>>> print(open('final18.cif').read())   # mmCIF, C-alpha atoms
data_upload
loop_
_atom_site.label_atom_id
_atom_site.label_comp_id
_atom_site.auth_asym_id
_atom_site.auth_seq_id
_atom_site.Cartn_x
_atom_site.Cartn_y
_atom_site.Cartn_z
CA MET A 1 2.62 -25.17 1.56
CA LYS A 2 -1.05 -24.42 1.04
CA SER A 3 -2.66 -24.77 -2.36
CA VAL A 4 -4.28 -21.91 -4.23
CA LYS A 5 -7.72 -23.42 -3.58
CA GLU A 6 -7.20 -23.49 0.20
CA ILE A 7 -5.91 -19.92 0.21
CA GLN A 8 -8.90 -18.73 -1.83
CA LYS A 9 -11.24 -20.15 0.81
CA GLU A 10 -9.35 -18.33 3.57
CA SER A 11 -9.04 -15.04 1.68
CA PHE A 12 -12.23 -13.58 3.18
CA LYS A 13 -10.68 -13.46 6.65
CA ALA A 14 -7.58 -11.66 5.42
CA LEU A 15 -9.39 -9.19 3.14
CA LYS A 16 -12.29 -8.55 5.55
CA GLU A 17 -10.40 -6.00 7.65
CA GLN A 18 -8.62 -4.36 4.75
CA PHE A 19 -11.69 -3.69 2.58
CA GLY A 20 -14.53 -3.88 5.10
CA TYR A 21 -16.27 -6.94 3.72
CA LYS A 22 -19.33 -7.95 5.71
CA ASN A 23 -20.30 -11.04 3.72
CA VAL A 24 -18.23 -13.94 2.36
CA MET A 25 -19.78 -13.37 -1.08
CA GLN A 26 -18.07 -9.95 -1.31
CA SER A 27 -14.65 -11.57 -1.26
CA PRO A 28 -13.00 -11.99 -4.69
CA LYS A 29 -12.87 -15.44 -6.23
CA LEU A 30 -11.14 -17.00 -9.21
CA VAL A 31 -13.45 -17.64 -12.16
CA LYS A 32 -11.20 -19.02 -14.89
CA VAL A 33 -7.76 -18.95 -16.47
CA VAL A 34 -7.44 -18.47 -20.23
CA ILE A 35 -4.20 -19.54 -21.93
CA SER A 36 -3.68 -18.42 -25.51
CA THR A 37 -0.94 -18.27 -28.10
CA GLY A 38 -0.79 -16.94 -31.60
CA THR A 39 0.89 -18.93 -34.31
CA GLY A 40 0.37 -16.37 -37.04
CA LYS A 41 0.33 -17.84 -40.48
CA ILE A 42 2.73 -20.70 -39.85
CA SER A 43 2.42 -23.03 -42.80
CA ASP A 44 4.46 -25.80 -41.15
CA LYS A 45 1.86 -28.28 -39.94
CA LYS A 46 4.34 -30.10 -37.68
CA ARG A 47 5.18 -26.85 -35.88
CA LYS A 48 1.47 -26.20 -35.21
CA GLU A 49 1.03 -29.76 -33.95
CA PHE A 50 4.08 -29.29 -31.71
CA ILE A 51 2.66 -26.07 -30.20
CA ALA A 52 -0.77 -27.65 -29.67
CA GLY A 53 0.80 -30.73 -28.07
CA ARG A 54 2.97 -28.74 -25.69
CA LEU A 55 0.09 -26.49 -24.62
CA THR A 56 -2.03 -29.58 -24.06
CA LYS A 57 0.67 -31.03 -21.80
CA ILE A 58 1.08 -27.75 -19.89
CA THR A 59 -2.64 -27.11 -19.34
CA GLY A 60 -3.80 -30.69 -18.89
CA GLN A 61 -6.59 -30.29 -21.41
CA LYS A 62 -6.84 -30.18 -25.18
CA VAL A 63 -6.42 -26.72 -26.67
CA ALA A 64 -8.87 -25.27 -29.17
CA LEU A 65 -7.79 -23.98 -32.56
CA ARG A 66 -8.63 -20.32 -33.15
CA ALA A 67 -9.42 -19.01 -36.62
CA ALA A 68 -9.09 -15.51 -38.07
CA LYS A 69 -12.32 -13.52 -37.82
CA LYS A 70 -11.46 -11.19 -40.70
CA SER A 71 -9.27 -11.27 -43.76
CA ILE A 72 -6.25 -8.95 -43.59
CA ALA A 73 -4.49 -8.61 -46.92
CA SER A 74 -1.32 -6.97 -45.59
CA PHE A 75 -0.72 -9.97 -43.30
CA LYS A 76 -1.81 -12.45 -45.99
CA VAL A 77 -4.44 -13.88 -43.65
CA ARG A 78 -7.83 -15.02 -44.88
CA GLN A 79 -10.98 -15.41 -42.84
CA GLY A 80 -11.05 -18.87 -41.30
CA ASP A 81 -7.26 -19.45 -41.38
CA SER A 82 -5.95 -20.95 -38.16
CA ILE A 83 -3.93 -18.32 -36.30
CA GLY A 84 -3.59 -19.63 -32.73
CA PHE A 85 -4.62 -21.89 -29.89
CA GLN A 86 -6.56 -21.28 -26.68
CA ALA A 87 -7.54 -23.22 -23.55
CA THR A 88 -9.94 -22.13 -20.81
CA LEU A 89 -9.37 -23.75 -17.42
CA ARG A 90 -11.95 -23.86 -14.65
CA GLY A 91 -12.34 -25.77 -11.40
CA GLU A 92 -9.71 -28.28 -10.30
CA ARG A 93 -7.63 -27.93 -13.48
CA MET A 94 -7.45 -24.17 -12.95
CA PHE A 95 -6.25 -24.56 -9.36
CA ALA A 96 -3.71 -27.23 -10.31
CA PHE A 97 -2.40 -25.08 -13.14
CA LEU A 98 -2.09 -21.96 -10.94
CA ASP A 99 -0.24 -23.96 -8.27
CA LYS A 100 2.20 -25.17 -10.91
CA LEU A 101 2.55 -21.67 -12.39
CA ILE A 102 3.15 -19.88 -9.08
CA HIS A 103 5.33 -22.45 -7.31
CA VAL A 104 7.27 -24.05 -10.18
CA ALA A 105 7.21 -22.13 -13.47
CA LEU A 106 7.55 -18.48 -12.43
CA PRO A 107 10.54 -19.16 -10.13
CA ARG A 108 12.27 -20.87 -13.09
CA THR A 109 11.84 -17.81 -15.31
CA LYS A 110 15.08 -16.15 -16.30
CA ASP A 111 15.52 -12.60 -14.89
CA PHE A 112 12.05 -12.63 -13.34
CA ARG A 113 11.45 -9.60 -11.12
CA GLY A 114 7.75 -10.03 -10.50
CA LEU A 115 4.52 -9.27 -12.35
CA LYS A 116 3.85 -5.65 -13.16
CA ASN A 117 1.03 -3.83 -11.40
CA THR A 118 -0.12 -2.54 -14.79
CA SER A 119 -1.08 -6.10 -15.80
CA ILE A 120 -4.28 -5.72 -13.74
CA ASP A 121 -7.10 -4.20 -15.78
CA GLU A 122 -10.09 -2.16 -14.59
CA MET A 123 -12.37 -5.20 -14.53
CA GLY A 124 -10.25 -7.17 -12.04
CA ASN A 125 -8.47 -9.45 -14.51
CA VAL A 126 -4.74 -10.04 -14.74
CA THR A 127 -3.02 -10.67 -18.07
CA PHE A 128 0.65 -11.48 -18.48
CA GLY A 129 2.86 -13.28 -20.95
CA ILE A 130 5.46 -16.00 -20.73
CA LYS A 131 8.33 -15.71 -23.22
CA GLU A 132 9.49 -19.32 -23.04
CA HIS A 133 7.20 -22.28 -22.58
CA SER A 134 10.18 -24.35 -21.46
CA ILE A 135 9.89 -23.03 -17.87
CA PHE A 136 7.16 -25.60 -17.24
CA PRO A 137 8.35 -29.02 -16.03
CA GLU A 138 6.46 -30.86 -18.80
CA CYS A 139 8.67 -29.19 -21.40
CA ALA A 140 12.13 -29.65 -19.88
CA ASP A 141 13.41 -31.74 -22.81
CA GLU A 142 13.02 -28.92 -25.33
CA ASP A 143 15.17 -28.05 -28.28
CA ILE A 144 16.15 -24.40 -28.17
CA LYS A 145 14.80 -23.72 -31.67
CA ASP A 146 11.22 -24.73 -30.80
CA VAL A 147 10.54 -22.21 -28.00
CA PHE A 148 7.25 -20.29 -28.20
CA SER A 149 5.49 -17.77 -25.99
CA PHE A 150 1.92 -17.49 -24.75
CA ALA A 151 -0.33 -15.36 -22.56
CA PHE A 152 -2.41 -16.00 -19.44
CA THR A 153 -5.51 -14.18 -18.31
CA VAL A 154 -6.65 -14.83 -14.75
CA VAL A 155 -10.30 -13.78 -14.39
CA THR A 156 -11.58 -12.86 -10.93
CA THR A 157 -14.89 -11.61 -9.53
CA SER A 158 -13.19 -8.51 -8.13
CA LYS A 159 -14.16 -5.17 -9.67
CA LYS A 160 -11.34 -2.92 -8.37
CA LYS A 161 -7.61 -2.99 -9.02
CA ASP A 162 -6.51 -2.70 -5.40
CA GLN A 163 -8.80 -5.52 -4.28
CA THR A 164 -7.62 -7.72 -7.14
CA LYS A 165 -3.96 -7.10 -6.31
CA ALA A 166 -4.46 -7.83 -2.60
CA PHE A 167 -6.37 -11.04 -3.43
CA LEU A 168 -3.76 -12.29 -5.91
CA GLU A 169 -0.92 -11.49 -3.50
CA LEU A 170 -2.69 -13.69 -0.94
CA LEU A 171 -2.79 -16.47 -3.54
CA GLY A 172 0.97 -16.14 -4.00
CA PHE A 173 1.29 -14.17 -7.24
CA PRO A 174 4.69 -12.43 -7.15
CA PHE A 175 4.10 -8.76 -7.98
CA ALA A 176 7.03 -6.40 -8.47
CA LYS A 177 7.66 -4.03 -5.59
#
>>> encode(input="final18.cif", output="structure tokens")
Amino acid sequence: MKSVKEIQKESFKALKEQFGYKNVMQSPKLVKVVISTGTGKISDKKRKEFIAGRLTKITGQKVALRAAKKSIASFKVRQGDSIGFQATLRGERMFAFLDKLIHVALPRTKDFRGLKNTSIDEMGNVTFGIKEHSIFPECADEDIKDVFSFAFTVVTTSKKKDQTKAFLELLGFPFAK
């Protein structure tokens, strides 16, 4: 089985005929993967540490704490309160994470029927959510009560939806038919 990095290098040959690329630089490439989760206003410090620790294990790098930009009285959130975690993966960590996501985690997802085509935005990025973090092999020993969800954004250099979808299908992303 080829890795995501190897497939990305070979993607020009496959997409050349379909989209009429004349130069290798026209072919889409992966830029980064952003993983984020919101914790809301969880006051339990151990729960926040648990979420940060699990995301660190899943991504292979320490996650950054994200603070509220504005105060919102109806949600009882003040400016500067911690409301989530985020990690941005590039390079080898990004490729390793995408290999693990595509070949291990997504097949373990309950009732998974593929990613929706609407998850691709106009700028060539794909955003989708995972309901249970326990689908990753690092989190197999989970208690049922401590399950949390998070979102992924895969950023590409592609500027059109159809090109992005064709590129990601080459990489192995399972889109719904």
>>> resolve_selection(input="final18.cif", expression="the PyMOL selection byres ((chain A and resi 137-139) around 12)", output="ChimeraX atom specification")
/A:50-51,53-60,97,100-101,103-109,132-136,140-144,146-148
>>> atom_distance(input="final18.cif", atom1="CA of Phe173 in chain A", atom2="CA of Ile102 in chain A")
6.3 Å
>>> residues_near_point(input="final18.cif", point="(-9.8, -11.9, -21.0)", cutoff="12 Å", atoms="all atoms listed in the file", output="ChimeraX atom specification")
/A:31-36,86-88,119-128,151-156
>>> atom_distance(input="final18.cif", atom1="CA of Leu89 in chain A", atom2="CA of Val24 in chain A")
23.8 Å
>>> closest_atom_pairs(input="final18.cif", of="range 53-123 of chain A", to="range 4-20 of chain A", cutoff="8 Å", atoms="all atoms listed in the file", output="CSV")
residue,atom,partner,partner_atom,distance
A:Phe95,CA,A:Lys5,CA,6.1
A:Leu98,CA,A:Val4,CA,7.1
A:Asp99,CA,A:Val4,CA,6.1
>>> write_last_selection(input="final18.cif", atoms="C-alpha atoms", output="mmCIF file, in the coordinates of the input")
data_model
loop_
_atom_site.group_PDB
_atom_site.id
_atom_site.type_symbol
_atom_site.label_atom_id
_atom_site.label_comp_id
_atom_site.auth_asym_id
_atom_site.auth_seq_id
_atom_site.Cartn_x
_atom_site.Cartn_y
_atom_site.Cartn_z
ATOM 1 C CA PHE A 95 -6.250 -24.560 -9.360
ATOM 2 C CA LEU A 98 -2.090 -21.960 -10.940
ATOM 3 C CA ASP A 99 -0.240 -23.960 -8.270
#
>>> atom_distance(input="final18.cif", atom1="CA of Pro28 in chain A", atom2="CA of Thr164 in chain A")
7.3 Å
>>> closest_residue(input="final18.cif", among="A:Met25, A:Gly84, A:Gln79, A:Asn117", to="Lys161 in chain A", atoms="only C-alpha atoms")
A:Asn117
>>> axis_aligned_box(input="final18.cif", around="range 9-25 of chain A", padding_each_side="8 Å", output="AutoDock Vina command-line options")
--center_x -13.9 --center_y -11.9 --center_z 3.3 --size_x 28.7 --size_y 32.5 --size_z 24.7
>>> resolve_selection(input="final18.cif", expression="the PyMOL selection byres ((chain A and resi 174) around 9)", output="ChimeraX atom specification")
/A:102,106,113-115,168-169,172-173,175-176
>>> residues_around(input="final18.cif", residues="Thr39 in chain A", least_positions_apart="4", cutoff="8 Å", atoms="all atoms listed in the file", output="list in words")
Lys48, Ile83, Gly84 and Phe85 of chain A
>>> closest_residue(input="final18.cif", among="A:Gln61, A:Ser74, A:Ser82, A:Gln26", to="Ser158 in chain A", atoms="all atoms listed in the file")
A:Gln26
>>> closest_residue(input="final18.cif", among="A:Lys22, A:Lys2, A:Lys177, A:Lys45", to="Lys116 in chain A", atoms="all atoms listed in the file")
A:Lys177
>>> build_atoms(input="final18.cif", residues="range 40-54 of chain A", atoms="N, CA and C atoms", output="CSV table (one decimal), in the coordinates of the input")
chain,number,residue,atom,x,y,z
A,40,GLY,N,0.3,-17.1,-35.8
A,40,GLY,CA,0.4,-16.4,-37.0
A,40,GLY,C,0.0,-17.3,-38.2
A,41,LYS,N,0.6,-17.0,-39.3
A,41,LYS,CA,0.3,-17.8,-40.5
A,41,LYS,C,1.5,-18.8,-40.7
A,42,ILE,N,1.7,-19.7,-39.7
A,42,ILE,CA,2.7,-20.7,-39.8
A,42,ILE,C,2.2,-21.8,-40.8
A,43,SER,N,2.9,-22.0,-41.8
A,43,SER,CA,2.4,-23.0,-42.8
A,43,SER,C,2.9,-24.4,-42.4
A,44,ASP,N,3.9,-24.5,-41.6
A,44,ASP,CA,4.5,-25.8,-41.2
A,44,ASP,C,3.5,-26.5,-40.2
A,45,LYS,N,2.9,-27.6,-40.7
A,45,LYS,CA,1.9,-28.3,-39.9
A,45,LYS,C,2.5,-29.0,-38.7
A,46,LYS,N,3.7,-29.5,-38.8
A,46,LYS,CA,4.3,-30.1,-37.7
A,46,LYS,C,4.6,-29.1,-36.6
A,47,ARG,N,5.0,-27.9,-36.9
A,47,ARG,CA,5.2,-26.8,-35.9
A,47,ARG,C,3.9,-26.5,-35.1
A,48,LYS,N,2.8,-26.4,-35.9
A,48,LYS,CA,1.5,-26.2,-35.2
A,48,LYS,C,1.1,-27.4,-34.3
A,49,GLU,N,1.3,-28.6,-34.8
A,49,GLU,CA,1.0,-29.8,-34.0
A,49,GLU,C,1.9,-29.8,-32.7
A,50,PHE,N,3.2,-29.4,-32.8
A,50,PHE,CA,4.1,-29.3,-31.7
A,50,PHE,C,3.6,-28.3,-30.7
A,51,ILE,N,3.2,-27.1,-31.1
A,51,ILE,CA,2.7,-26.1,-30.2
A,51,ILE,C,1.4,-26.6,-29.5
A,52,ALA,N,0.5,-27.1,-30.3
A,52,ALA,CA,-0.8,-27.6,-29.7
A,52,ALA,C,-0.5,-28.8,-28.7
A,53,GLY,N,0.4,-29.6,-29.0
A,53,GLY,CA,0.8,-30.7,-28.1
A,53,GLY,C,1.4,-30.2,-26.8
A,54,ARG,N,2.3,-29.3,-26.9
A,54,ARG,CA,3.0,-28.7,-25.7
A,54,ARG,C,2.0,-28.0,-24.8
